[in-house]
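Structure file entry_31.cif; described as mmCIF, C-alpha atoms.
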```cif
data_target
loop_
_atom_site.label_atom_id
_atom_site.label_comp_id
_atom_site.auth_asym_id
_atom_site.auth_seq_id
_atom_site.Cartn_x
_atom_site.Cartn_y
_atom_site.Cartn_z
CA MET A 1 2.71 7.93 15.87
CA ILE A 2 4.24 10.46 18.22
CA GLY A 3 7.69 9.55 19.37
CA SER A 4 8.11 6.59 17.10
CA GLU A 5 8.86 8.27 13.80
CA SER A 6 11.39 6.40 11.79
CA GLN A 7 12.70 9.58 10.16
CA ARG A 8 16.21 10.32 11.27
CA PRO A 9 17.50 13.34 9.44
CA PHE A 10 21.03 12.84 10.64
CA VAL A 11 22.97 10.85 13.14
CA ALA A 12 23.90 12.61 16.33
CA VAL A 13 27.61 12.58 17.02
CA SER A 14 27.47 14.15 20.45
CA SER A 15 29.88 12.15 22.54
CA GLY A 16 30.86 15.11 24.69
CA ARG A 17 34.53 14.45 23.99
CA PRO A 18 36.52 16.10 21.22
CA GLU A 19 37.08 13.73 18.35
CA PRO A 20 40.76 13.35 17.60
CA VAL A 21 42.03 14.60 14.31
CA GLY A 22 41.43 11.92 11.69
CA ALA A 23 44.48 9.83 10.89
CA ALA A 24 44.60 11.06 7.31
CA ASP A 25 44.36 14.71 8.37
CA ARG A 26 46.90 14.20 11.14
CA ASP A 27 49.40 12.67 8.76
CA ALA A 28 48.97 15.41 6.15
CA ILE A 29 49.22 18.13 8.80
CA ALA A 30 52.36 16.62 10.32
CA ARG A 31 54.06 16.32 6.93
CA THR A 32 53.09 19.85 6.00
CA LEU A 33 54.52 21.18 9.25
CA ALA A 34 57.67 19.13 8.70
CA GLY A 35 58.27 21.07 5.50
CA GLU A 36 56.51 18.90 2.94
CA THR A 37 54.12 21.64 1.88
CA ALA A 38 52.85 19.49 -1.00
CA ALA A 39 51.16 17.31 1.64
CA PHE A 40 48.72 20.15 2.22
CA GLU A 41 47.19 19.36 -1.15
CA GLU A 42 45.64 16.27 0.46
CA ILE A 43 43.83 18.56 2.89
CA VAL A 44 42.71 20.75 0.00
CA ARG A 45 41.35 17.76 -1.94
CA ARG A 46 39.49 16.46 1.10
CA TYR A 47 37.79 19.70 2.01
CA GLU A 48 37.58 21.93 -1.07
CA ARG A 49 34.09 20.81 -2.11
CA PRO A 50 32.39 21.11 1.29
CA ILE A 51 34.17 24.37 2.01
CA PHE A 52 33.03 25.75 -1.35
CA ALA A 53 29.45 24.65 -0.59
CA HIS A 54 29.63 26.29 2.84
CA LEU A 55 30.89 29.55 1.36
CA LEU A 56 28.36 29.48 -1.45
CA ARG A 57 25.54 29.09 1.04
CA MET A 58 26.88 32.03 2.99
CA THR A 59 27.67 34.38 0.11
CA LYS A 60 25.11 33.22 -2.51
CA SER A 61 27.80 33.87 -5.13
CA ARG A 62 29.88 31.21 -6.85
CA GLU A 63 32.59 33.72 -7.71
CA ASP A 64 32.85 34.95 -4.11
CA ALA A 65 32.78 31.38 -2.82
CA GLU A 66 35.70 30.43 -5.07
CA ASP A 67 37.75 33.47 -4.02
CA LEU A 68 37.00 32.82 -0.35
CA ALA A 69 37.87 29.13 -0.69
CA GLN A 70 41.33 30.20 -1.86
CA GLU A 71 41.54 32.61 1.06
CA THR A 72 40.42 29.92 3.50
CA PHE A 73 43.06 27.39 2.49
CA LEU A 74 45.73 30.08 2.37
CA ARG A 75 44.91 31.17 5.93
CA ALA A 76 44.75 27.53 7.03
CA LEU A 77 48.18 26.76 5.60
CA ARG A 78 49.77 29.83 7.13
CA GLY A 79 48.14 29.19 10.49
CA LEU A 80 48.64 25.43 10.60
CA GLY A 81 51.34 25.77 13.26
CA ARG A 82 48.74 27.21 15.61
CA PHE A 83 46.29 24.35 15.10
CA ASP A 84 45.86 22.31 18.28
CA SER A 85 46.16 18.68 17.24
CA GLY A 86 44.12 17.68 20.29
CA GLN A 87 41.06 19.27 18.70
CA PRO A 88 39.12 18.21 15.60
CA PHE A 89 40.38 19.76 12.38
CA LYS A 90 37.09 20.26 10.58
CA PRO A 91 35.55 22.91 12.91
CA TRP A 92 38.89 24.75 12.87
CA LEU A 93 38.87 24.90 9.09
CA TYR A 94 35.20 25.89 8.95
CA ARG A 95 35.83 28.66 11.42
CA ILE A 96 38.47 30.10 9.12
CA ALA A 97 36.07 29.86 6.19
CA THR A 98 33.15 31.37 8.12
CA ASN A 99 35.25 34.26 9.41
CA ALA A 100 36.66 34.94 5.95
CA ALA A 101 33.16 35.09 4.50
CA LEU A 102 31.73 37.26 7.28
CA THR A 103 34.67 39.66 7.04
CA GLU A 104 34.21 40.02 3.31
CA LEU A 105 30.43 40.41 3.55
CA ARG A 106 30.72 43.02 6.30
CA LYS A 107 33.10 45.04 4.16
CA ARG A 108 30.37 45.30 1.58
CA LYS A 109 27.39 45.51 3.89
CA PRO A 110 28.23 46.45 7.47
CA ASN A 111 24.88 45.36 8.88
CA VAL A 112 25.23 41.67 8.14
CA VAL A 113 22.74 39.99 10.43
CA ALA A 114 24.40 38.16 13.32
CA LEU A 115 23.52 34.66 14.36
CA GLY A 116 20.31 34.46 16.30
CA GLU A 117 19.12 37.90 15.29
CA GLU A 118 15.99 38.46 13.29
CA MET A 119 15.86 36.34 10.17
CA GLU A 120 13.78 37.43 7.26
CA ILE A 121 11.86 34.33 6.50
CA GLU A 122 8.56 34.80 4.80
CA ASP A 123 5.83 34.65 7.37
CA VAL A 124 2.63 33.04 6.19
CA ARG A 125 1.03 32.45 9.55
CA THR A 126 -2.05 34.35 8.48
CA GLU A 127 -2.89 31.80 5.86
CA SER A 128 -5.98 29.89 6.68
CA ALA A 129 -5.84 26.20 7.38
CA ALA A 130 -7.57 25.55 4.07
CA ARG A 131 -4.66 27.12 2.21
CA ARG A 132 -1.91 25.34 4.04
CA LEU A 133 0.91 24.35 1.83
CA ASP A 134 1.02 20.94 0.29
CA GLY A 135 4.22 18.91 0.46
CA GLU A 136 5.76 20.05 -2.79
CA ARG A 137 5.02 23.69 -2.22
CA PHE A 138 6.32 23.41 1.31
CA ARG A 139 9.62 22.04 0.08
CA GLU A 140 9.93 24.82 -2.49
CA ARG A 141 9.27 27.50 0.08
CA LEU A 142 11.58 25.86 2.55
CA ALA A 143 14.32 25.82 -0.08
CA ARG A 144 13.68 29.47 -0.88
CA ALA A 145 13.75 30.41 2.79
CA VAL A 146 17.05 28.58 3.25
CA ALA A 147 18.51 30.22 0.15
CA ASP A 148 17.59 33.63 1.58
CA LEU A 149 19.10 33.03 5.01
CA PRO A 150 21.56 35.69 6.16
CA ALA A 151 25.21 34.66 6.07
CA GLU A 152 25.77 33.42 9.61
CA SER A 153 22.44 31.60 9.76
CA ALA A 154 23.32 30.04 6.41
CA ALA A 155 26.59 28.89 7.95
CA LEU A 156 24.64 27.42 10.85
CA PHE A 157 22.29 25.63 8.44
CA ASN A 158 25.19 24.19 6.44
CA LEU A 159 27.13 23.00 9.48
CA ARG A 160 24.05 21.38 10.96
CA TYR A 161 22.28 19.94 7.95
CA GLY A 162 25.05 19.85 5.34
CA GLU A 163 27.97 18.74 7.49
CA GLU A 164 25.81 17.12 10.19
CA LEU A 165 27.97 18.47 13.00
CA PRO A 166 26.73 18.32 16.60
CA ILE A 167 26.08 21.61 18.36
CA GLU A 168 29.39 21.76 20.22
CA ARG A 169 31.33 21.38 16.98
CA ILE A 170 29.17 24.02 15.30
CA ALA A 171 29.93 26.30 18.23
CA GLN A 172 33.66 25.77 17.65
CA ALA A 173 33.27 26.45 13.94
CA LEU A 174 31.32 29.66 14.53
CA GLY A 175 33.25 30.81 17.58
CA ARG A 176 30.06 30.86 19.65
CA ARG A 177 28.91 29.25 22.86
CA PRO A 178 26.93 26.01 22.40
CA GLY A 179 23.95 27.62 24.14
CA ALA A 180 23.89 30.47 21.63
CA VAL A 181 24.04 28.00 18.75
CA ALA A 182 21.14 25.99 20.20
CA VAL A 183 19.04 29.13 20.60
CA ALA A 184 19.78 30.19 17.03
CA LEU A 185 18.88 26.74 15.77
CA HIS A 186 15.59 26.80 17.71
CA ARG A 187 14.74 30.18 16.22
CA LEU A 188 15.57 28.96 12.75
CA ARG A 189 13.27 25.97 13.10
CA GLY A 190 10.61 28.07 14.76
CA ARG A 191 10.55 30.61 11.97
CA LEU A 192 10.54 27.96 9.32
CA ARG A 193 7.62 26.35 11.09
CA ALA A 194 5.71 29.54 10.41
CA LEU A 195 5.57 28.28 6.83
CA LEU A 196 3.18 25.61 8.00
CA SER A 197 1.60 27.07 11.07
CA GLY A 198 -1.79 28.68 11.02
CA GLY A 199 -0.95 30.77 14.07
CA ASP A 200 -2.40 28.31 16.51
CA GLY A 201 -0.55 29.64 19.55
CA HIS A 202 2.19 27.05 19.38
CA GLU A 203 4.81 29.34 17.90
CA MET A 204 8.43 28.88 18.83
CA ARG A 205 10.20 31.48 20.87
CA MET B 1 3.63 20.06 31.53
CA LYS B 2 2.99 23.31 29.70
CA CYS B 3 3.06 23.69 25.93
CA ASP B 4 6.17 25.93 26.12
CA GLU B 5 8.05 23.25 27.99
CA ALA B 6 6.94 20.61 25.53
CA LEU B 7 8.06 22.73 22.57
CA HIS B 8 11.43 23.28 24.21
CA ALA B 9 11.80 19.55 24.79
CA MET B 10 10.97 18.90 21.12
CA GLN B 11 13.70 21.29 20.01
CA ALA B 12 16.18 19.76 22.44
CA ALA B 13 15.40 16.30 21.07
CA LEU B 14 16.04 17.48 17.51
CA ASP B 15 19.26 19.16 18.64
CA GLU B 16 20.51 15.76 19.70
CA GLY B 17 19.34 14.10 16.50
CA ARG B 18 16.51 12.28 18.24
CA THR B 19 13.07 11.91 16.74
CA SER B 20 11.51 10.40 19.84
CA LEU B 21 10.43 12.33 22.89
CA PRO B 22 10.81 11.67 26.62
CA GLU B 23 7.83 9.95 28.22
CA SER B 24 6.55 13.04 30.04
CA VAL B 25 6.55 15.03 26.80
CA ARG B 26 4.86 12.24 24.89
CA LEU B 27 2.06 12.19 27.41
CA HIS B 28 1.53 15.92 26.98
CA VAL B 29 1.73 15.72 23.20
CA ALA B 30 -0.75 12.85 23.11
CA ALA B 31 -3.25 15.02 24.96
CA CYS B 32 -2.55 18.33 23.16
CA ALA B 33 -3.56 18.71 19.53
CA GLY B 34 -1.51 21.90 19.10
CA CYS B 35 1.70 20.30 20.35
CA ARG B 36 1.02 17.20 18.29
CA ARG B 37 0.74 19.36 15.18
CA ALA B 38 3.85 21.34 16.18
CA TRP B 39 5.88 18.16 16.62
CA ARG B 40 4.85 16.82 13.21
CA GLN B 41 5.72 20.16 11.62
CA LEU B 42 9.10 20.21 13.32
CA LEU B 43 9.82 16.71 12.10
CA ASP B 44 8.82 17.76 8.55
CA ILE B 45 11.09 20.79 8.77
CA GLU B 46 13.97 18.77 10.15
CA ALA B 47 13.64 16.23 7.37
CA GLY B 48 13.28 19.00 4.78
CA LEU B 49 16.37 20.82 6.03
CA ALA B 50 18.35 17.60 6.10
CA GLY B 51 17.32 16.98 2.50
CA LEU B 52 18.38 20.46 1.45
CA GLY B 53 21.65 20.13 3.34
CA ALA B 54 22.43 16.88 1.58
CA GLU B 55 21.93 18.40 -1.86
CA SER B 56 25.13 18.25 -3.82
CA ILE B 57 26.70 21.55 -4.78
CA GLU B 58 29.00 21.24 -7.75
CA PRO B 59 32.10 23.42 -7.44
CA PRO B 60 33.66 25.16 -10.47
CA ALA B 61 35.85 22.86 -12.55
CA GLY B 62 38.90 24.98 -11.86
CA LEU B 63 38.45 25.27 -8.09
CA HIS B 64 41.28 22.93 -7.12
CA GLY B 65 43.73 24.58 -9.51
CA SER B 66 42.86 28.08 -8.34
CA ILE B 67 43.32 27.10 -4.69
CA MET B 68 46.66 25.44 -5.37
CA ARG B 69 47.86 28.48 -7.33
CA ALA B 70 46.97 30.67 -4.35
CA LEU B 71 49.08 28.41 -2.14
CA GLU B 72 52.18 28.49 -4.32
CA GLY B 73 55.26 29.49 -2.37
CA GLU B 74 53.32 29.55 0.90
CA LYS B 75 54.17 27.63 4.04
CA PRO B 76 53.06 27.49 7.67
CA LEU B 77 54.15 30.52 9.65
CA GLY B 78 55.62 30.21 13.12
CA ARG B 79 56.79 27.20 15.04
CA PRO B 80 54.42 24.27 15.45
CA ARG B 81 54.08 23.55 19.15
CA SER B 82 51.47 21.53 20.95
CA ARG B 83 49.38 23.23 23.61
CA ALA B 84 50.85 20.99 26.31
CA ARG B 85 54.40 21.83 25.27
CA ARG B 86 53.61 25.52 25.20
CA LEU B 87 52.05 25.33 28.65
CA VAL B 88 55.03 23.45 30.12
CA ALA B 89 57.48 25.85 28.52
CA ALA B 90 55.59 28.91 29.71
CA SER B 91 55.18 27.54 33.24
CA GLY B 92 58.88 26.69 33.45
CA LEU B 93 59.83 30.11 32.21
CA ALA B 94 57.53 31.84 34.67
CA ALA B 95 58.86 29.74 37.58
CA ALA B 96 62.47 30.44 36.60
CA ALA B 97 61.74 34.15 36.38
CA LEU B 98 60.19 34.12 39.86
CA VAL B 99 63.21 32.35 41.36
CA VAL B 100 65.61 34.84 39.78
CA ILE B 101 63.59 37.81 40.97
CA PHE B 102 63.35 36.53 44.53
CA ALA B 103 67.07 35.75 44.60
CA VAL B 104 67.97 39.22 43.37
CA HIS B 105 65.52 40.76 45.81
CA LEU B 106 66.98 38.88 48.79
CA ALA B 107 70.50 39.75 47.79
CA ALA B 108 69.57 43.40 47.50
CA LEU B 109 67.87 43.40 50.90
CA ASN B 110 70.94 41.84 52.45
CA ARG B 111 73.05 44.55 50.93
CA ALA B 112 70.65 47.19 52.21
CA GLU B 113 70.80 45.79 55.73
CA THR B 114 74.58 45.68 55.60
CA ALA B 115 74.70 49.22 54.36
CA ALA B 116 72.39 50.37 57.16
CA ASP B 117 74.52 48.65 59.75
CA ASP B 118 77.62 50.30 58.38
CA ARG B 119 75.74 53.61 58.12
CA GLN B 120 76.82 53.86 54.54
CA VAL B 121 74.82 56.18 52.35
CA SER B 122 75.69 54.69 49.01
CA PHE B 123 73.33 52.06 47.74
CA VAL B 124 73.31 50.02 44.59
CA MET B 125 69.86 49.80 43.17
CA PRO B 126 69.32 46.49 41.34
CA THR B 127 67.53 46.66 38.07
CA LEU B 128 64.67 44.24 37.85
CA ALA B 129 63.20 45.17 34.53
CA PHE B 130 61.08 42.28 33.36
CA ASP B 131 60.62 42.53 29.67
CA GLU B 132 57.59 40.53 28.53
CA ARG B 133 58.50 41.24 24.96
CA ALA B 134 61.42 38.84 25.30
CA LEU B 135 59.01 36.02 26.01
CA ASP B 136 57.28 33.72 23.62
CA PRO B 137 53.82 35.29 23.06
CA PHE B 138 52.11 32.35 24.70
CA ALA B 139 54.46 32.52 27.70
CA ALA B 140 53.82 36.24 27.97
CA GLU B 141 50.10 35.54 28.02
CA ILE B 142 50.57 33.03 30.84
CA VAL B 143 52.68 35.55 32.73
CA ARG B 144 50.05 38.22 32.21
CA GLN B 145 47.34 35.92 33.46
CA SER B 146 49.19 34.70 36.54
CA GLY B 147 47.75 37.18 38.97
CA ASP B 148 49.86 40.25 39.48
CA ASP B 149 52.24 39.92 36.63
CA LEU B 150 55.90 39.48 37.19
CA SER B 151 56.83 42.89 35.95
CA GLY B 152 54.44 44.29 38.54
CA LEU B 153 56.15 42.14 41.15
CA ALA B 154 59.52 43.43 40.05
CA ARG B 155 58.24 46.99 40.28
CA SER B 156 56.92 46.40 43.80
CA PHE B 157 60.32 45.05 44.82
CA GLN B 158 61.95 48.11 43.37
CA VAL B 159 59.64 50.29 45.43
CA SER B 160 60.46 48.37 48.60
CA LEU B 161 64.16 48.68 47.85
CA ALA B 162 63.81 52.38 47.28
CA SER B 163 62.06 52.68 50.66
CA ALA B 164 64.90 50.80 52.30
CA GLN B 165 67.36 53.13 50.61
CA ASN B 166 65.51 56.17 51.91
CA ALA B 167 65.49 54.72 55.42
CA VAL B 168 69.24 54.30 55.26
CA GLN B 169 69.69 57.88 54.10
#
```

If you took the structure in this file and wrote it as structure tokens, what would it be?
Amino acid sequence: MIGSESQRPFVAVSSGRPEPVGAADRDAIARTLAGETAAFEEIVRRYERPIFAHLLRMTKSREDAEDLAQETFLRALRGLGRFDSGQPFKPWLYRIATNAALTELRKRKPNVVALGEEMEIEDVRTESAARRLDGERFRERLARAVADLPAESAALFNLRYGEELPIERIAQALGRRPGAVAVALHRLRGRLRALLSGGDGHEMR
Amino acid sequence: MKCDEALHAMQAALDEGRTSLPESVRLHVAACAGCRRAWRQLLDIEAGLAGLGAESIEPPAGLHGSIMRALEGEKPLGRPRSRARRLVAASGLAAAALVVIFAVHLAALNRAETAADDRQVSFVMPTLAFDERALDPFAAEIVRQSGDDLSGLARSFQVSLASAQNAVQ
């Protein structure tokens, strides 16, 4: 029934106020800044897996993701004194990772597609209703479309659906305005919907 | 309600993690087969993306070791200062600089007036060089952003003093 679906892909965390740095992060950051650099290893342990996943989704290369994870934590340690403890730590760290990946990718391929620009997702709108994809095939094609996302859109996907961050936190992590993130997210969903749509005039803009 | 508006409302609902729609949108969707289909597709996509996002990605076994090796001998650069402390420090510095500049300016004007009264030609030109480079970078930024910057103010005072000097001569 419309409006009463029980599916809830993720829990919204949009309080409108910045979440304080978690107590564990705050403690590790404070000790690191006080000179106990070994305390930074706690930060590394807490975030190395999700940061690697984020970078892998962006670069599509495990080797690059590992190198960039090292770069991310190195930049984070060096720049820890500039971190504003009144802001959440996670978007700050993801911004470092995202920028490191985009910088590296642009070195290799200057025309890396920016967030919200055209995304090359296979368009099957011309398929007739009779050939619409069944559930399994839809999931496969959705997975393939996500795997082929350009770097910044892949970062958006990971922050939204992997890390389950609300839009304002994604905006902080990507260094974008929340409105731009929302538009990019709408376009992403709209283009993915083309996988199912038969071109019935209800396309997303 | 138009279909475009309904589609936008659907997206906005998903943005906020909601899978229910406002009443006005529900009424439209109930009466519009295209929007009903679009909403179901969007819910499928949202669930599919959430499923893909939740898939575990196994990092290389040596990831932790390679990161820690990269961090060997490294430490945070620069002084850790909270934003509030930096703001207070910068504001205090800027206020102190203003007071000093005004004091020097007034003293110089007094000297100029005295010199004019005495019809003396000699005049001591105060130096009001305001070197932003001596400031903390954050303080310099505050100074730069506070309207006409202080070095500009100092320069304008120098110009006015030079005019006074010329008048005396």

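For the set B:Leu98, B:Ile67, B:Glu46, B:Cys3, the residue with the smallest atom-to-atom gap to B:Leu27 is B:Cys3, counting all atoms listed in the file.
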
For chain B against chain A, which residues fall within 6 Å using all atoms listed in the file, given as a compact mmCIF listing (two decimals) with C-alpha atoms, in the coordinates of the input?
```txt
# COMPACT_ATOMS: atom_id res chain seq x y z
CA GLU B 16 20.51 15.76 19.70
CA GLY B 17 19.34 14.10 16.50
CA SER B 20 11.51 10.40 19.84
CA LEU B 21 10.43 12.33 22.89
CA ALA B 47 13.64 16.23 7.37
CA ALA B 50 18.35 17.60 6.10
CA GLY B 53 21.65 20.13 3.34
CA ALA B 54 22.43 16.88 1.58
CA ILE B 57 26.70 21.55 -4.78
CA ILE B 67 43.32 27.10 -4.69
CA LEU B 71 49.08 28.41 -2.14
CA LYS B 75 54.17 27.63 4.04
CA PRO B 76 53.06 27.49 7.67
CA LEU B 77 54.15 30.52 9.65
CA ARG B 79 56.79 27.20 15.04
CA PRO B 80 54.42 24.27 15.45
```

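Using all atoms listed in the file, the smallest distance between any of B:Ala6, B:Cys35, B:Leu43, B:Ile101 and B:Pro22 comes from B:Ala6.
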
- line: Separating atom CA of A:Ala101 from atom CA of A:Ala155, to the nearest tenth of an Å, is a gap of 9.7 Å

- line: Expressed in Å, the length from atom CA of A:Lys90 to atom CA of B:Gly78 is 21.2 Å

- prompt: Between A:Leu55, A:Leu93, A:Ala145, A:Ala184, which is the closest to A:Leu105 once you count all atoms listed in the file?
  reply: A:Leu55

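Reported to one decimal place, the separation of atom CA of A:Arg95 from atom CA of A:Leu156 is 11.3 Å.
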
task: With a distance cut-off of 9 Å and all atoms listed in the file, select the neighbouring residues of B:Met1, excluding the residue or stretch itself and same-chain residues fewer than 2 positions from it, and output the selection as a ChimeraX atom specification.
output: /B:3-6,24-25,28

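Proximity to A:Asp25 at 9 Å, evaluated using all atoms listed in the file and with sequence-adjacent residues fewer than 3 positions away removed, yields Val21, Gly22, Ala28, Ile29, Ala30, Glu42, Ile43, Arg46 and Phe89 of chain A.
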